[in-house]
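Novice: Take a look at coords.pdb, PDB, C-alpha atoms:
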```
ATOM      1  CA  MET A1133      23.441  21.333  -8.256  1.00  0.00           C
ATOM      2  CA  ILE A1134      22.500  19.489  -5.049  1.00  0.00           C
ATOM      3  CA  ASP A1135      19.023  21.047  -5.156  1.00  0.00           C
ATOM      4  CA  GLU A1136      18.530  19.831  -8.723  1.00  0.00           C
ATOM      5  CA  ALA A1137      19.676  16.342  -7.734  1.00  0.00           C
ATOM      6  CA  LEU A1138      17.167  16.254  -4.872  1.00  0.00           C
ATOM      7  CA  VAL A1139      14.369  17.456  -7.154  1.00  0.00           C
ATOM      8  CA  ALA A1140      15.270  14.752  -9.705  1.00  0.00           C
ATOM      9  CA  TYR A1141      15.378  12.088  -6.982  1.00  0.00           C
ATOM     10  CA  ASN A1142      11.989  13.175  -5.621  1.00  0.00           C
ATOM     11  CA  ALA A1143      10.474  13.215  -9.116  1.00  0.00           C
ATOM     12  CA  GLY A1144      11.773   9.679  -9.622  1.00  0.00           C
ATOM     13  CA  ARG A1145      10.355   8.547  -6.280  1.00  0.00           C
ATOM     14  CA  VAL A1146       6.922   9.964  -7.106  1.00  0.00           C
ATOM     15  CA  ASP A1147       6.982   8.452 -10.595  1.00  0.00           C
ATOM     16  CA  GLY A1148       8.148   5.094  -9.248  1.00  0.00           C
ATOM     17  CA  ALA A1149       5.338   4.967  -6.708  1.00  0.00           C
ATOM     18  CA  ALA A1150       2.892   5.765  -9.514  1.00  0.00           C
ATOM     19  CA  GLY A1151       4.345   3.082 -11.787  1.00  0.00           C
ATOM     20  CA  TYR A1152       5.544   5.589 -14.349  1.00  0.00           C
ATOM     21  CA  ARG A1153       9.009   6.213 -15.810  1.00  0.00           C
ATOM     22  CA  ASP A1154       9.928   9.408 -17.680  1.00  0.00           C
ATOM     23  CA  PRO A1155      12.512   8.301 -20.251  1.00  0.00           C
ATOM     24  CA  GLN A1156      13.636  11.865 -20.959  1.00  0.00           C
ATOM     25  CA  ILE A1157      14.614  12.556 -17.350  1.00  0.00           C
ATOM     26  CA  ALA A1158      15.989   9.031 -16.858  1.00  0.00           C
ATOM     27  CA  GLU A1159      18.435   9.504 -19.740  1.00  0.00           C
ATOM     28  CA  ASP A1160      19.548  12.991 -18.723  1.00  0.00           C
ATOM     29  CA  PRO A1161      23.362  12.924 -18.366  1.00  0.00           C
ATOM     30  CA  GLU A1162      23.414  15.141 -15.272  1.00  0.00           C
ATOM     31  CA  LEU A1163      20.280  14.188 -13.354  1.00  0.00           C
ATOM     32  CA  GLY A1164      19.301  10.803 -14.784  1.00  0.00           C
ATOM     33  CA  ALA A1165      21.114   8.759 -12.136  1.00  0.00           C
ATOM     34  CA  ASP A1166      19.411  10.645  -9.300  1.00  0.00           C
ATOM     35  CA  TYR A1167      16.031  10.214 -11.001  1.00  0.00           C
ATOM     36  CA  ARG A1168      16.568   6.478 -11.513  1.00  0.00           C
ATOM     37  CA  ILE A1169      17.558   5.955  -7.864  1.00  0.00           C
ATOM     38  CA  GLY A1170      14.404   7.789  -6.789  1.00  0.00           C
ATOM     39  CA  LEU A1171      12.409   5.717  -9.271  1.00  0.00           C
ATOM     40  CA  LEU A1172      13.655   2.497  -7.719  1.00  0.00           C
ATOM     41  CA  ASP A1173      13.000   3.773  -4.188  1.00  0.00           C
ATOM     42  CA  GLY A1174       9.453   4.721  -5.201  1.00  0.00           C
ATOM     43  CA  ARG A1175       8.790   1.285  -6.677  1.00  0.00           C
ATOM     44  CA  ILE A1176      10.128  -0.408  -3.552  1.00  0.00           C
ATOM     45  CA  ALA A1177       7.943   1.811  -1.353  1.00  0.00           C
ATOM     46  CA  ALA A1178       4.863   0.953  -3.452  1.00  0.00           C
ATOM     47  CA  PHE A1179       5.692  -2.761  -3.199  1.00  0.00           C
ATOM     48  CA  HIS A1180       5.995  -2.549   0.591  1.00  0.00           C
ATOM     49  CA  LEU A1181       2.721  -0.619   0.811  1.00  0.00           C
ATOM     50  CA  MET A1182       0.880  -3.249  -1.243  1.00  0.00           C
ATOM     51  CA  ALA A1183       2.434  -6.061   0.809  1.00  0.00           C
ATOM     52  CA  GLU A1184       1.254  -4.399   4.010  1.00  0.00           C
ATOM     53  CA  VAL A1185      -2.272  -3.922   2.656  1.00  0.00           C
ATOM     54  CA  ARG A1186      -2.360  -7.585   1.640  1.00  0.00           C
ATOM     55  CA  ARG A1187      -1.131  -8.594   5.090  1.00  0.00           C
ATOM     56  CA  ILE A1188      -3.784  -6.463   6.827  1.00  0.00           C
ATOM     57  CA  LEU A1189      -6.529  -7.895   4.616  1.00  0.00           C
ATOM     58  CA  GLY A1190      -5.246 -11.437   5.084  1.00  0.00           C
ATOM     59  CA  VAL A1191      -4.819 -12.003   1.355  1.00  0.00           C
ATOM     60  CA  ARG A1192      -2.756 -15.022   0.405  1.00  0.00           C
ATOM     61  CA  GLY A1193      -1.795 -15.995  -3.117  1.00  0.00           C
ATOM     62  CA  SER A1194      -2.710 -14.128  -6.264  1.00  0.00           C
ATOM     63  CA  LEU A1195      -5.590 -11.718  -6.427  1.00  0.00           C
ATOM     64  CA  PHE A1196      -6.015 -12.643 -10.089  1.00  0.00           C
ATOM     65  CA  GLU A1197      -6.295 -16.459  -9.999  1.00  0.00           C
ATOM     66  CA  HIS A1198     -10.083 -16.509  -9.664  1.00  0.00           C
ATOM     67  CA  PRO A1199     -11.295 -12.911 -10.000  1.00  0.00           C
ATOM     68  CA  ASP A1200     -14.968 -13.832 -10.642  1.00  0.00           C
ATOM     69  CA  GLU A1201     -15.363 -16.132  -7.655  1.00  0.00           C
ATOM     70  CA  SER A1202     -16.883 -14.814  -4.448  1.00  0.00           C
TER      71      SER A1202
END
```
Will you turn the file into structure tokens for me?

Specialist:
Amino acid sequence: MIDEALVAYNAGRVDGAAGYRDPQIAEDPELGADYRIGLLDGRIAAFHLMAEVRRILGVRGSLFEHPDES
């Protein structure tokens, strides 16, 4: 059972980083909670990665305010 929980958590983490949520796994009565925790961790990791990229590039504000301006 612990192996299945770790697999569900990892699947959630990968899906969260990709911005995807599998509703079937998320609602599973046995593994859904592990998947959802992994999903949240993946989304947080993706957020931190994007924040770091923005910091390195010196981006301030929205990237979408004036997308056609150079």

Novice: Just the residues within 9 Å of Ala1150 (chain A), please, counting all atoms listed in the file, with nothing from its chain fewer than 6 positions along; format it as a PyMOL selection string.

Specialist: chain A and resi 1174-1175+1178

Novice: Hey, which of A:Val1146, A:Ala1140, A:Glu1197, A:Met1133 ends up closest to Ala1158 (chain A)? Count all atoms listed in the file.

Specialist: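 Answer, going by the shortest atom-to-atom distance: A:Ala1140.
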
Novice: Find the spatial neighbours of Asp1166 (chain A), counting only C-alpha atoms, within a cut-off of 6 Å - ignore same-chain residues fewer than 3 positions away - and output them as a PDB file with C-alpha atoms, keeping the file's coordinate frame.

Specialist:
```pdb
ATOM      1  CA  ALA A1137      19.676  16.342  -7.734  1.00  0.00           C
ATOM      2  CA  ALA A1140      15.270  14.752  -9.705  1.00  0.00           C
ATOM      3  CA  TYR A1141      15.378  12.088  -6.982  1.00  0.00           C
ATOM      4  CA  LEU A1163      20.280  14.188 -13.354  1.00  0.00           C
ATOM      5  CA  ILE A1169      17.558   5.955  -7.864  1.00  0.00           C
TER       6      ILE A1169
END
```

Novice: Please check which residues have atoms at most 12 Å from (8.9, 0.8, -3.0) in the file's coordinates, counting all atoms listed in the file, and write them as an MDAnalysis selection string.

Specialist: chainID A and resid 1144:1151 1169:1184

Novice: Okay, now the selection with C-alpha atoms, as a short mmCIF file (atom, residue, chain, number, x, y, z; two decimals), in the frame of the given file?

Specialist:
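The resulting selection_27.cif:
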```cif
data_model
loop_
_atom_site.label_atom_id
_atom_site.label_comp_id
_atom_site.auth_asym_id
_atom_site.auth_seq_id
_atom_site.Cartn_x
_atom_site.Cartn_y
_atom_site.Cartn_z
CA GLY A 1144 11.77 9.68 -9.62
CA ARG A 1145 10.36 8.55 -6.28
CA VAL A 1146 6.92 9.96 -7.11
CA ASP A 1147 6.98 8.45 -10.60
CA GLY A 1148 8.15 5.09 -9.25
CA ALA A 1149 5.34 4.97 -6.71
CA ALA A 1150 2.89 5.76 -9.51
CA GLY A 1151 4.34 3.08 -11.79
CA ILE A 1169 17.56 5.96 -7.86
CA GLY A 1170 14.40 7.79 -6.79
CA LEU A 1171 12.41 5.72 -9.27
CA LEU A 1172 13.66 2.50 -7.72
CA ASP A 1173 13.00 3.77 -4.19
CA GLY A 1174 9.45 4.72 -5.20
CA ARG A 1175 8.79 1.28 -6.68
CA ILE A 1176 10.13 -0.41 -3.55
CA ALA A 1177 7.94 1.81 -1.35
CA ALA A 1178 4.86 0.95 -3.45
CA PHE A 1179 5.69 -2.76 -3.20
CA HIS A 1180 6.00 -2.55 0.59
CA LEU A 1181 2.72 -0.62 0.81
CA MET A 1182 0.88 -3.25 -1.24
CA ALA A 1183 2.43 -6.06 0.81
CA GLU A 1184 1.25 -4.40 4.01
#
```

Novice: State, in Å with one decimal place, the distance from CA of Asp1154 (chain A) to CA of Val1139 (chain A).

Specialist: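 Those two atoms sit 14.0 Å apart.
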
Novice: Between CA of Ile1188 (chain A) and CA of Ala1143 (chain A), measure the distance and give it in Å to one decimal.

Specialist: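 It comes out at 29.1 Å.
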
Novice: Quote the spacing between CA of Glu1162 (chain A) and CA of Glu1136 (chain A) in Å to one decimal place.

Specialist: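 Calculated distance between CA of Glu1162 (chain A) and CA of Glu1136 (chain A) is 9.4 Å.
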
Novice: Write out as AutoDock Vina command-line options an axis-aligned box for region 1180-1184 of chain A: all of its atoms listed in the file, 4 Å added on each side, centre and edge lengths in Å with one decimal.

Specialist:
```
--center_x 3.4 --center_y -3.3 --center_z 1.4 --size_x 13.1 --size_y 13.4 --size_z 13.3
```
